[in-house]
>>> print(open('query-v3.cif').read())   # mmCIF, C-alpha atoms
data_coords
loop_
_atom_site.label_atom_id
_atom_site.label_comp_id
_atom_site.auth_asym_id
_atom_site.auth_seq_id
_atom_site.Cartn_x
_atom_site.Cartn_y
_atom_site.Cartn_z
CA MET A 1 17.14 -33.52 -8.19
CA SER A 2 15.37 -33.07 -4.86
CA GLU A 3 14.35 -29.60 -3.77
CA VAL A 4 16.80 -27.72 -1.60
CA THR A 5 15.76 -27.60 2.04
CA LYS A 6 15.62 -24.69 4.45
CA GLU A 7 18.27 -26.35 6.60
CA GLU A 8 20.66 -26.56 3.64
CA VAL A 9 20.16 -22.85 2.91
CA LEU A 10 20.79 -21.92 6.54
CA ALA A 11 23.95 -24.04 6.54
CA VAL A 12 25.27 -22.03 3.61
CA LEU A 13 24.24 -18.73 5.18
CA ALA A 14 26.03 -19.72 8.39
CA LYS A 15 29.27 -19.18 6.46
CA VAL A 16 28.40 -15.53 5.74
CA ARG A 17 30.09 -13.28 8.28
CA GLY A 18 28.04 -10.77 10.18
CA PRO A 19 28.68 -7.01 10.36
CA ASP A 20 32.20 -6.14 11.48
CA LEU A 21 33.08 -9.84 10.93
CA GLU A 22 31.53 -10.76 14.28
CA GLY A 23 29.98 -14.22 14.05
CA ASP A 24 27.73 -15.22 11.17
CA ILE A 25 24.34 -13.89 10.14
CA VAL A 26 22.51 -17.08 11.19
CA SER A 27 23.94 -17.43 14.68
CA ARG A 28 23.35 -13.72 15.26
CA GLY A 29 19.65 -14.18 14.47
CA MET A 30 19.69 -11.82 11.51
CA VAL A 31 18.04 -14.16 8.99
CA SER A 32 14.25 -14.27 8.73
CA ASP A 33 12.24 -17.40 8.09
CA VAL A 34 13.52 -18.89 4.83
CA PHE A 35 10.86 -19.64 2.23
CA ILE A 36 11.57 -21.88 -0.77
CA SER A 37 9.27 -22.28 -3.75
CA ASP A 38 10.15 -23.89 -7.08
CA ASN A 39 13.81 -23.89 -5.99
CA LYS A 40 13.76 -20.11 -5.54
CA VAL A 41 14.75 -18.84 -2.11
CA TYR A 42 13.22 -15.85 -0.33
CA PHE A 43 14.41 -14.34 2.95
CA SER A 44 15.43 -11.07 4.57
CA ILE A 45 18.32 -9.98 6.76
CA THR A 46 17.59 -7.66 9.68
CA VAL A 47 20.20 -4.94 10.20
CA PRO A 48 20.36 -1.70 12.21
CA ALA A 49 18.48 1.04 10.38
CA GLU A 50 21.38 3.48 10.50
CA ARG A 51 23.71 0.92 8.87
CA ALA A 52 21.43 -0.46 6.18
CA GLN A 53 23.14 1.29 3.30
CA GLU A 54 26.69 0.34 4.30
CA LEU A 55 25.65 -3.30 4.82
CA GLU A 56 24.46 -3.77 1.24
CA PRO A 57 27.59 -5.93 0.55
CA LEU A 58 26.34 -8.27 3.27
CA ARG A 59 23.07 -8.77 1.38
CA ILE A 60 24.96 -9.34 -1.88
CA ALA A 61 27.23 -11.92 -0.24
CA ALA A 62 24.28 -13.83 1.22
CA GLU A 63 22.40 -13.78 -2.08
CA ARG A 64 25.47 -14.89 -4.03
CA SER A 65 26.09 -17.77 -1.62
CA VAL A 66 22.56 -19.08 -1.96
CA LYS A 67 22.45 -18.68 -5.74
CA ALA A 68 25.63 -20.78 -5.98
CA MET A 69 23.90 -23.75 -4.37
CA PRO A 70 23.23 -26.68 -6.74
CA GLY A 71 19.60 -26.79 -7.79
CA ILE A 72 18.81 -23.19 -6.85
CA LYS A 73 17.13 -21.24 -9.66
CA GLY A 74 17.29 -17.87 -7.96
CA ALA A 75 17.24 -15.98 -4.70
CA LEU A 76 15.56 -12.80 -3.54
CA VAL A 77 17.17 -11.27 -0.47
CA THR A 78 16.19 -7.98 1.14
CA LEU A 79 17.66 -5.94 3.96
CA THR A 80 15.06 -5.19 6.58
CA ALA A 81 16.03 -2.17 8.64
CA ASP A 82 14.22 -2.29 11.95
CA ARG A 83 14.74 -0.06 14.92
CA LYS A 84 13.97 -0.96 18.50
CA ALA A 85 10.75 0.34 19.99
CA GLY A 86 11.29 3.64 21.73
CA SER A 87 14.42 4.57 19.82
CA PRO A 88 14.34 7.75 17.75
CA ALA A 89 13.49 7.50 14.08
CA PRO A 90 16.43 8.00 11.72
CA ARG A 91 16.59 11.53 10.43
CA PRO A 92 15.61 11.66 6.76
CA GLN A 93 17.99 13.17 4.28
CA GLN A 94 16.48 16.23 2.69
CA ALA A 95 16.12 16.31 -1.07
CA PRO A 96 15.02 19.17 -3.30
CA PRO A 97 11.22 19.24 -3.60
CA ARG A 98 9.77 17.89 -6.80
CA PRO A 99 8.16 20.52 -9.04
CA ALA A 100 4.41 20.90 -8.70
CA ALA A 101 2.19 18.88 -11.00
CA ALA A 102 1.59 20.20 -14.47
CA GLY A 103 -1.59 22.17 -14.09
CA PRO A 104 -3.33 23.07 -10.82
CA ALA A 105 -5.59 20.73 -8.92
CA HIS A 106 -9.16 21.73 -9.66
CA ASP A 107 -11.39 22.11 -6.65
CA HIS A 108 -14.70 21.21 -8.34
CA GLY A 109 -16.36 23.24 -5.67
CA HIS A 110 -14.65 21.29 -2.89
CA GLY A 111 -11.78 23.62 -2.09
CA HIS A 112 -8.39 24.05 -3.75
CA ALA A 113 -5.60 21.72 -2.68
CA HIS A 114 -2.03 22.59 -3.52
CA PRO A 115 0.47 19.81 -4.22
CA PRO A 116 2.69 19.45 -1.16
CA GLN A 117 6.42 20.00 -1.08
CA ARG A 118 8.00 16.57 -1.10
CA GLU A 119 11.17 14.86 -0.03
CA LYS A 120 12.79 12.22 -2.14
CA ALA A 121 10.05 9.74 -2.95
CA GLY A 122 10.38 6.03 -2.40
CA VAL A 123 9.39 5.32 -6.00
CA PRO A 124 10.93 7.35 -8.84
CA GLY A 125 8.41 9.77 -10.32
CA VAL A 126 5.79 9.22 -7.61
CA GLY A 127 5.10 12.25 -5.44
CA ALA A 128 3.05 10.93 -2.53
CA ILE A 129 2.02 7.40 -1.58
CA ILE A 130 -1.23 7.11 0.36
CA ALA A 131 -2.49 3.93 1.99
CA VAL A 132 -6.21 3.19 2.18
CA ALA A 133 -6.67 0.64 4.95
CA SER A 134 -9.21 -1.03 7.19
CA GLY A 135 -9.03 -3.06 10.35
CA LYS A 136 -11.19 -5.83 8.89
CA GLY A 137 -12.65 -7.02 5.60
CA GLY A 138 -16.15 -6.34 4.34
CA VAL A 139 -16.23 -2.58 4.96
CA GLY A 140 -15.93 -1.56 1.29
CA LYS A 141 -12.29 -0.51 1.49
CA SER A 142 -11.37 -1.42 -2.09
CA THR A 143 -14.44 0.30 -3.54
CA THR A 144 -13.53 3.35 -1.47
CA ALA A 145 -9.88 3.24 -2.56
CA VAL A 146 -10.75 3.05 -6.27
CA ASN A 147 -13.30 5.86 -6.10
CA LEU A 148 -10.97 8.04 -4.03
CA ALA A 149 -8.20 7.49 -6.59
CA LEU A 150 -10.60 8.49 -9.35
CA GLY A 151 -11.75 11.41 -7.19
CA LEU A 152 -8.18 12.65 -6.86
CA GLN A 153 -7.84 12.34 -10.62
CA ALA A 154 -11.09 14.23 -11.20
CA ASN A 155 -9.68 16.97 -8.98
CA GLY A 156 -6.79 17.43 -11.41
CA LEU A 157 -4.07 15.09 -10.16
CA ARG A 158 -2.06 12.35 -11.88
CA VAL A 159 -2.95 9.18 -10.02
CA GLY A 160 -2.13 5.46 -9.93
CA ILE A 161 -3.44 2.66 -7.73
CA LEU A 162 -1.58 -0.33 -6.32
CA ASP A 163 -3.66 -3.30 -5.19
CA ALA A 164 -1.61 -4.59 -2.25
CA ASP A 165 -4.10 -7.33 -1.37
CA ILE A 166 -2.15 -10.36 -2.59
CA TYR A 167 -4.71 -12.92 -1.41
CA GLY A 168 -7.87 -11.15 -2.54
CA PRO A 169 -7.14 -8.57 -5.26
CA SER A 170 -10.21 -6.50 -6.18
CA VAL A 171 -8.86 -3.73 -8.38
CA PRO A 172 -9.01 -5.66 -11.70
CA ARG A 173 -12.75 -6.22 -11.28
CA LEU A 174 -13.46 -2.76 -9.88
CA LEU A 175 -11.66 -1.09 -12.80
CA LYS A 176 -12.85 -3.64 -15.38
CA ILE A 177 -9.31 -4.51 -16.46
CA SER A 178 -8.31 -7.92 -17.80
CA GLY A 179 -5.23 -9.36 -19.49
CA ARG A 180 -1.59 -9.45 -18.54
CA PRO A 181 0.74 -6.46 -18.17
CA GLN A 182 3.67 -6.11 -20.56
CA GLN A 183 7.24 -6.42 -19.38
CA ILE A 184 9.64 -3.84 -20.79
CA GLU A 185 13.37 -3.41 -20.28
CA ASN A 186 15.18 -4.44 -17.09
CA ARG A 187 12.29 -6.52 -15.74
CA ILE A 188 10.15 -3.38 -15.44
CA ILE A 189 6.41 -3.96 -15.85
CA LYS A 190 4.12 -1.57 -17.64
CA PRO A 191 1.04 -0.91 -15.47
CA MET A 192 -2.46 -1.64 -16.74
CA GLU A 193 -4.78 1.32 -17.24
CA ASN A 194 -8.46 2.22 -17.43
CA TYR A 195 -10.35 5.46 -16.91
CA GLY A 196 -6.97 7.20 -17.11
CA LEU A 197 -5.87 5.46 -13.90
CA LYS A 198 -2.64 3.44 -13.89
CA ALA A 199 -3.07 0.24 -11.92
CA MET A 200 -1.09 -2.76 -10.74
CA SER A 201 -2.46 -5.85 -9.00
CA MET A 202 -1.60 -9.47 -8.40
CA GLY A 203 -4.94 -10.10 -10.10
CA PHE A 204 -3.30 -9.15 -13.41
CA LEU A 205 -0.61 -11.79 -12.94
CA VAL A 206 -2.61 -14.82 -11.79
CA ASP A 207 -6.01 -16.22 -12.71
CA GLU A 208 -8.94 -15.09 -10.59
CA GLU A 209 -9.59 -18.64 -9.36
CA THR A 210 -5.98 -19.21 -8.27
CA ALA A 211 -5.59 -19.74 -4.52
CA MET A 212 -2.63 -17.72 -3.27
CA ILE A 213 -0.98 -19.73 -0.49
CA TRP A 214 2.24 -17.75 -0.24
CA ARG A 215 3.95 -17.14 3.07
CA GLY A 216 5.35 -13.87 4.39
CA PRO A 217 8.63 -13.52 2.47
CA MET A 218 6.97 -14.18 -0.89
CA VAL A 219 4.18 -11.71 -0.15
CA GLN A 220 6.74 -9.09 0.86
CA SER A 221 8.74 -9.69 -2.32
CA ALA A 222 5.66 -9.50 -4.53
CA LEU A 223 4.53 -6.24 -2.93
CA MET A 224 7.91 -4.61 -3.37
CA GLN A 225 8.12 -5.76 -7.00
CA MET A 226 4.68 -4.36 -7.80
CA LEU A 227 5.70 -1.10 -6.18
CA ARG A 228 9.27 -0.62 -7.36
CA GLU A 229 9.47 -2.58 -10.60
CA VAL A 230 6.52 -0.93 -12.35
CA ALA A 231 6.82 1.95 -14.81
CA TRP A 232 4.46 4.28 -12.96
CA GLY A 233 5.74 7.37 -14.76
CA ASP A 234 5.13 10.77 -13.17
CA LEU A 235 2.34 10.59 -10.62
CA ASP A 236 1.22 13.10 -8.03
CA VAL A 237 -0.34 10.33 -5.94
CA LEU A 238 -0.12 6.55 -5.77
CA VAL A 239 -3.07 5.14 -3.82
CA VAL A 240 -2.35 1.79 -2.17
CA ASP A 241 -5.36 -0.42 -1.54
CA MET A 242 -4.06 -2.21 1.54
CA PRO A 243 -5.10 -5.72 2.57
CA PRO A 244 -7.64 -5.72 5.42
CA GLY A 245 -6.29 -6.18 8.92
CA THR A 246 -2.92 -5.53 10.54
CA GLY A 247 -0.79 -8.51 9.56
CA ASP A 248 2.54 -9.09 7.84
CA ALA A 249 1.62 -7.58 4.47
CA GLN A 250 0.30 -4.43 6.10
CA LEU A 251 3.43 -4.01 8.22
CA THR A 252 5.60 -4.57 5.15
CA MET A 253 3.93 -1.65 3.39
CA ALA A 254 3.85 0.55 6.49
CA GLN A 255 7.50 -0.06 7.44
CA GLN A 256 9.20 -0.30 4.07
CA VAL A 257 7.32 2.27 1.97
CA PRO A 258 7.62 6.05 2.56
CA LEU A 259 3.89 6.57 3.03
CA ALA A 260 2.81 10.20 3.03
CA GLY A 261 -0.23 9.21 5.03
CA ALA A 262 -3.01 6.70 5.58
CA VAL A 263 -6.79 6.76 5.37
CA VAL A 264 -8.73 4.25 7.47
CA VAL A 265 -12.13 3.04 6.24
CA SER A 266 -14.73 1.80 8.71
CA THR A 267 -18.44 1.22 8.95
CA PRO A 268 -20.33 2.93 11.79
CA GLN A 269 -20.98 -0.01 14.11
CA ASP A 270 -18.90 -0.65 17.22
CA LEU A 271 -17.51 -4.01 16.05
CA ALA A 272 -16.03 -2.47 12.92
CA LEU A 273 -14.64 0.46 14.89
CA ILE A 274 -12.80 -1.91 17.23
CA ASP A 275 -10.87 -3.25 14.24
CA ALA A 276 -10.42 0.23 12.76
CA ARG A 277 -8.69 1.25 15.99
CA LYS A 278 -6.16 -1.54 15.45
CA ALA A 279 -5.30 -0.18 12.01
CA ILE A 280 -4.97 3.34 13.41
CA THR A 281 -2.71 2.07 16.20
CA MET A 282 -0.52 0.23 13.68
CA PHE A 283 0.04 3.33 11.57
CA ARG A 284 0.82 5.41 14.61
CA LYS A 285 3.37 2.89 15.86
CA VAL A 286 5.22 2.99 12.54
CA GLU A 287 4.89 6.80 12.44
CA VAL A 288 2.67 7.08 9.36
CA PRO A 289 0.49 10.22 9.50
CA LEU A 290 -3.26 9.56 9.72
CA LEU A 291 -4.95 11.67 7.05
CA GLY A 292 -8.36 10.76 8.37
CA ILE A 293 -11.21 8.28 8.74
CA VAL A 294 -13.95 7.56 6.20
CA GLU A 295 -17.27 6.17 7.40
CA ASN A 296 -18.43 3.84 4.63
CA MET A 297 -21.97 2.42 4.44
CA SER A 298 -22.77 5.28 6.76
CA TYR A 299 -26.50 5.07 6.03
CA PHE A 300 -28.76 3.32 3.53
CA LEU A 301 -30.69 5.27 0.92
CA ALA A 302 -33.77 3.42 -0.36
CA PRO A 303 -33.67 3.49 -4.18
CA ASP A 304 -37.44 3.88 -4.56
CA THR A 305 -38.21 6.52 -1.94
CA GLY A 306 -34.83 8.04 -1.18
CA LYS A 307 -35.60 7.49 2.50
CA ARG A 308 -32.59 7.15 4.76
CA TYR A 309 -32.10 4.18 7.09
CA ASP A 310 -29.24 3.95 9.61
CA ILE A 311 -29.02 0.16 9.37
CA PHE A 312 -25.48 0.00 10.80
CA GLY A 313 -25.99 2.83 13.24
CA HIS A 314 -24.55 6.18 12.27
CA GLY A 315 -21.78 8.55 13.24
CA GLY A 316 -19.56 6.02 14.99
CA ALA A 317 -16.52 6.76 12.82
CA ARG A 318 -16.98 10.52 13.19
CA ALA A 319 -17.17 10.18 16.97
CA GLU A 320 -14.09 7.94 16.98
CA ALA A 321 -12.17 10.44 14.84
CA GLU A 322 -13.04 13.25 17.25
CA ARG A 323 -12.12 11.10 20.26
CA ILE A 324 -8.62 10.29 19.02
CA GLY A 325 -7.93 13.59 17.27
CA VAL A 326 -7.90 12.32 13.68
CA PRO A 327 -9.61 14.24 10.83
CA PHE A 328 -13.01 12.92 9.78
CA LEU A 329 -13.04 12.92 5.98
CA GLY A 330 -16.67 12.14 5.30
CA GLU A 331 -19.59 9.72 5.09
CA VAL A 332 -20.29 7.47 2.12
CA PRO A 333 -23.85 6.10 1.98
CA LEU A 334 -24.75 2.52 1.17
CA THR A 335 -26.59 2.74 -2.14
CA ILE A 336 -27.62 0.20 -4.75
CA ASP A 337 -25.97 2.45 -7.34
CA ILE A 338 -22.50 2.27 -5.78
CA ARG A 339 -22.74 -1.51 -5.37
CA GLU A 340 -24.00 -2.22 -8.88
CA ARG A 341 -21.52 0.08 -10.60
CA SER A 342 -18.65 -1.33 -8.54
CA ASP A 343 -19.60 -4.91 -9.45
CA ALA A 344 -19.77 -3.89 -13.11
CA GLY A 345 -16.31 -2.28 -13.03
CA THR A 346 -17.74 1.18 -13.69
CA PRO A 347 -17.06 3.19 -10.50
CA VAL A 348 -19.53 5.97 -9.81
CA VAL A 349 -16.92 8.74 -10.02
CA VAL A 350 -16.44 8.04 -13.74
CA SER A 351 -19.78 6.44 -14.70
CA ASP A 352 -21.96 9.07 -12.99
CA PRO A 353 -19.61 12.00 -12.38
CA GLU A 354 -22.40 14.49 -11.69
CA GLY A 355 -24.21 12.20 -9.25
CA ALA A 356 -24.36 12.69 -5.49
CA SER A 357 -22.11 9.69 -4.72
CA ALA A 358 -19.37 10.88 -7.09
CA GLY A 359 -19.50 14.29 -5.42
CA ILE A 360 -19.01 12.67 -2.01
CA TYR A 361 -15.92 10.80 -3.18
CA ARG A 362 -14.44 13.91 -4.84
CA ASP A 363 -15.06 15.88 -1.66
CA ILE A 364 -13.32 13.25 0.50
CA ALA A 365 -10.44 13.10 -2.00
CA ALA A 366 -10.05 16.89 -1.80
CA LYS A 367 -10.00 16.79 2.01
CA MET A 368 -7.49 13.95 1.93
CA TRP A 369 -5.22 15.89 -0.44
CA ALA A 370 -5.57 19.02 1.66
CA GLU A 371 -4.44 17.05 4.72
CA LEU A 372 -1.19 16.38 2.86
CA GLY A 373 -0.55 20.12 2.54
CA GLY A 374 2.53 21.06 4.50
CA ARG A 375 3.47 17.43 5.01
CA THR A 376 6.19 15.53 3.23
CA PRO A 377 6.41 11.77 2.81
CA ARG A 378 8.44 10.25 5.62
CA GLN A 379 11.69 8.65 4.57
CA ALA A 380 11.34 4.88 4.68
CA PRO A 381 13.92 2.77 6.47
CA ALA A 382 16.75 1.99 4.06
CA ILE A 383 15.55 -1.13 2.30
CA VAL A 384 17.53 -2.72 -0.50
CA PHE A 385 15.41 -4.55 -3.05
CA GLU A 386 16.41 -6.43 -6.16
#
>>> encode(input="query-v3.cif", output="structure tokens")
Amino acid sequence: MSEVTKEEVLAVLAKVRGPDLEGDIVSRGMVSDVFISDNKVYFSITVPAERAQELEPLRIAAERSVKAMPGIKGALVTLTADRKAGSPAPRPQQAPPRPAAAGPAHDHGHGHAHPPQREKAGVPGVGAIIAVASGKGGVGKSTTAVNLALGLQANGLRVGILDADIYGPSVPRLLKISGRPQQIENRIIKPMENYGLKAMSMGFLVDEETAMIWRGPMVQSALMQMLREVAWGDLDVLVVDMPPGTGDAQLTMAQQVPLAGAVVVSTPQDLALIDARKAITMFRKVEVPLLGIVENMSYFLAPDTGKRYDIFGHGGARAEAERIGVPFLGEVPLTIDIRERSDAGTPVVVSDPEGASAGIYRDIAAKMWAELGGRTPRQAPAIVFE
């Protein structure tokens, strides 16, 4: 049997009536690009944000229609709730704050950070979701994200990390985790774990050499599954290692996940800062609070003499943070130690906890957590995911 075509799917969807029975969802332009792989269909339906919950039957009807097509193995349909630029954000429904974490966060000499009061979280059991992002690749974002997650944990918090880089997952190597995660009841996946850190990554599900050539809808579906169909348990913080740049995957996370805040990683030079500004602009447009900027590879420390060299310039990220009114969280030096331990899957925060580099990451983690004080995670647009 030949594979079902996009045109055939759209023809079926053209029979699904739109909201209030006005027209159909195809002619009204509500259906995203349809992606088909292995006779499984992926697409989303754009609806008004304020009506997303009441239009869940529309999603079910569209999914049922596609699944009934001969040759279709399955369908994954989401409701995407967008609002027009300039319109007010939907008011979040207040929920009772989650109790504080068991045991206080230890300051380790870096200041005491109290767990924030929180609204209803986007993922059951997860208190705050923090994105670690960069405007471009090659700035050490994933190394920073892993060490900040471990720094938060060292400061007394329960932490997990989600590797949202579908095309280039780094977390398995950085945390020295191999193997496949177990699936438990109701399609829920048990996260992998090392150093006490719960982790999920596409790198656990596919071989390292596999070239991921998925298009937008599949990437979006995979991200939401790794976020919402994983048994994270009770976490104070879930750190999301975002893909570099400001493309579709980044917007999916920023728009559909109730992020408590974002940290942008940059190197000091002007070219990197240009891209960092794009990431900052993206988060501001989707109303995600900026917790601060980290200047990575801020300076080079010679391993033999300890002499400092500003090979990328220095202070650019601090100056940018001051210019745009965003907290500056700290400088991380470029050292042979950080690189070698990262490549070996033994991050400095756990392999050399008393070292200077580990102290820097714990300090930045404490500042990042303190920035969350008094803030609550924003309520995400109402997204239905199956």
>>> residues_around(input="query-v3.cif", residues="Gln225 in chain A", least_positions_apart="3", cutoff="10 Å", atoms="only C-alpha atoms", output="list in words")
Arg187, Ile188, Ile189, Val219, Gln220, Ser221, Ala222, Arg228, Glu229, Val230, Phe385 and Glu386 of chain A
>>> resolve_selection(input="query-v3.cif", expression="the PyMOL selection byres ((chain A and resi 284-298) around 6)", output="JSON, numbers by chain")
{"A": [261, 262, 263, 264, 265, 266, 267, 281, 282, 283, 299, 314, 317, 326, 327, 328, 329, 330, 331, 332, 333, 334, 371]}
>>> resolve_selection(input="query-v3.cif", expression="the PyMOL selection byres ((chain A and resi 232-246) around 6)", output="list in words")
Gly125, Val126, Gly127, Ala128, Ile129, Ile130, Ala131, Val132, Ala133, Ser134, Gly135, Lys136, Gly137, Ala145, Arg158, Val159, Gly160, Ile161, Leu162, Asp163, Ala164, Asp165, Val230, Ala231, Gly247 and Gln250 of chain A
>>> atom_distance(input="query-v3.cif", atom1="CA of Glu50 in chain A", atom2="CA of Leu223 in chain A")
23.6 Å
>>> closest_residue(input="query-v3.cif", among="A:Thr305, A:Thr252, A:Ser351, A:Ser142", to="Pro169 in chain A", atoms="only C-alpha atoms")
A:Ser142
>>> residues_around(input="query-v3.cif", residues="Pro57 in chain A", least_positions_apart="2", cutoff="12 Å", atoms="all atoms listed in the file", output="PyMOL selection string")
chain A and resi 16-20+45+51-55+59-64+77-79+384
>>> atom_distance(input="query-v3.cif", atom1="CA of Gln182 in chain A", atom2="CA of Pro124 in chain A")
19.3 Å
>>> atom_distance(input="query-v3.cif", atom1="CA of Tyr42 in chain A", atom2="CA of Arg28 in chain A")
18.7 Å
>>> resolve_selection(input="query-v3.cif", expression="the PyMOL selection byres ((chain A and resi 13) around 10)", output="number ranges by chain")
A: 7-12, 14-17, 24-27, 31, 61-63, 65-66
>>> closest_residue(input="query-v3.cif", among="A:Pro181, A:Gly315, A:Gly71, A:Gly359", to="Ala199 in chain A", atoms="all atoms listed in the file")
A:Pro181
>>> closest_residue(input="query-v3.cif", among="A:Gly316, A:Gly151, A:Gly168, A:Pro48", to="Leu197 in chain A", atoms="only C-alpha atoms")
A:Gly151
>>> closest_residue(input="query-v3.cif", among="A:Ile280, A:Leu251, A:Met218, A:Ala344", to="Ile177 in chain A", atoms="all atoms listed in the file")
A:Ala344
>>> closest_residue(input="query-v3.cif", among="A:Leu21, A:Val34, A:Met69, A:Leu174", to="Val146 in chain A", atoms="all atoms listed in the file")
A:Leu174
>>> residues_around(input="query-v3.cif", residues="Val4 in chain A", least_positions_apart="6", cutoff="8 Å", atoms="all atoms listed in the file", output="JSON, numbers by chain")
{"A": [36, 39, 71, 72]}
>>> axis_aligned_box(input="query-v3.cif", around="range 274-277 of chain A", padding_each_side="3 Å", output="AutoDock Vina command-line options")
--center_x -10.7 --center_y -1.0 --center_z 15.0 --size_x 10.1 --size_y 10.5 --size_z 10.5
>>> decode(input="query-v3.cif", residues="range 224-236 of chain A", atoms="N, CA and C atoms", output="compact mmCIF listing (two decimals), in the first residue's frame")
# COMPACT_ATOMS: atom_id res chain seq x y z
N MET A 224 7.48 17.85 23.28
CA MET A 224 6.38 17.78 24.24
C MET A 224 6.30 16.41 24.90
N GLN A 225 6.62 15.35 24.16
CA GLN A 225 6.62 14.02 24.76
C GLN A 225 7.71 13.90 25.82
N MET A 226 8.91 14.41 25.51
CA MET A 226 10.01 14.32 26.47
C MET A 226 9.73 15.17 27.71
N LEU A 227 8.91 16.19 27.55
CA LEU A 227 8.58 17.03 28.68
C LEU A 227 7.44 16.46 29.50
N ARG A 228 6.35 16.08 28.83
CA ARG A 228 5.10 15.75 29.52
C ARG A 228 4.86 14.26 29.71
N GLU A 229 5.60 13.42 29.02
CA GLU A 229 5.38 11.98 29.15
C GLU A 229 6.58 11.30 29.80
N VAL A 230 7.21 12.00 30.72
CA VAL A 230 8.35 11.48 31.48
C VAL A 230 8.03 11.57 32.96
N ALA A 231 8.35 10.52 33.69
CA ALA A 231 8.06 10.47 35.13
C ALA A 231 9.13 11.24 35.89
N TRP A 232 9.03 12.56 35.85
CA TRP A 232 10.04 13.40 36.50
C TRP A 232 9.98 13.30 38.02
N GLY A 233 8.83 12.95 38.57
CA GLY A 233 8.70 12.95 40.02
C GLY A 233 8.60 14.37 40.54
N ASP A 234 8.92 14.56 41.82
CA ASP A 234 8.88 15.90 42.42
C ASP A 234 10.21 16.60 42.24
N LEU A 235 10.21 17.66 41.47
CA LEU A 235 11.41 18.45 41.23
C LEU A 235 11.15 19.91 41.60
N ASP A 236 12.15 20.53 42.20
CA ASP A 236 12.07 21.98 42.40
C ASP A 236 12.31 22.71 41.09
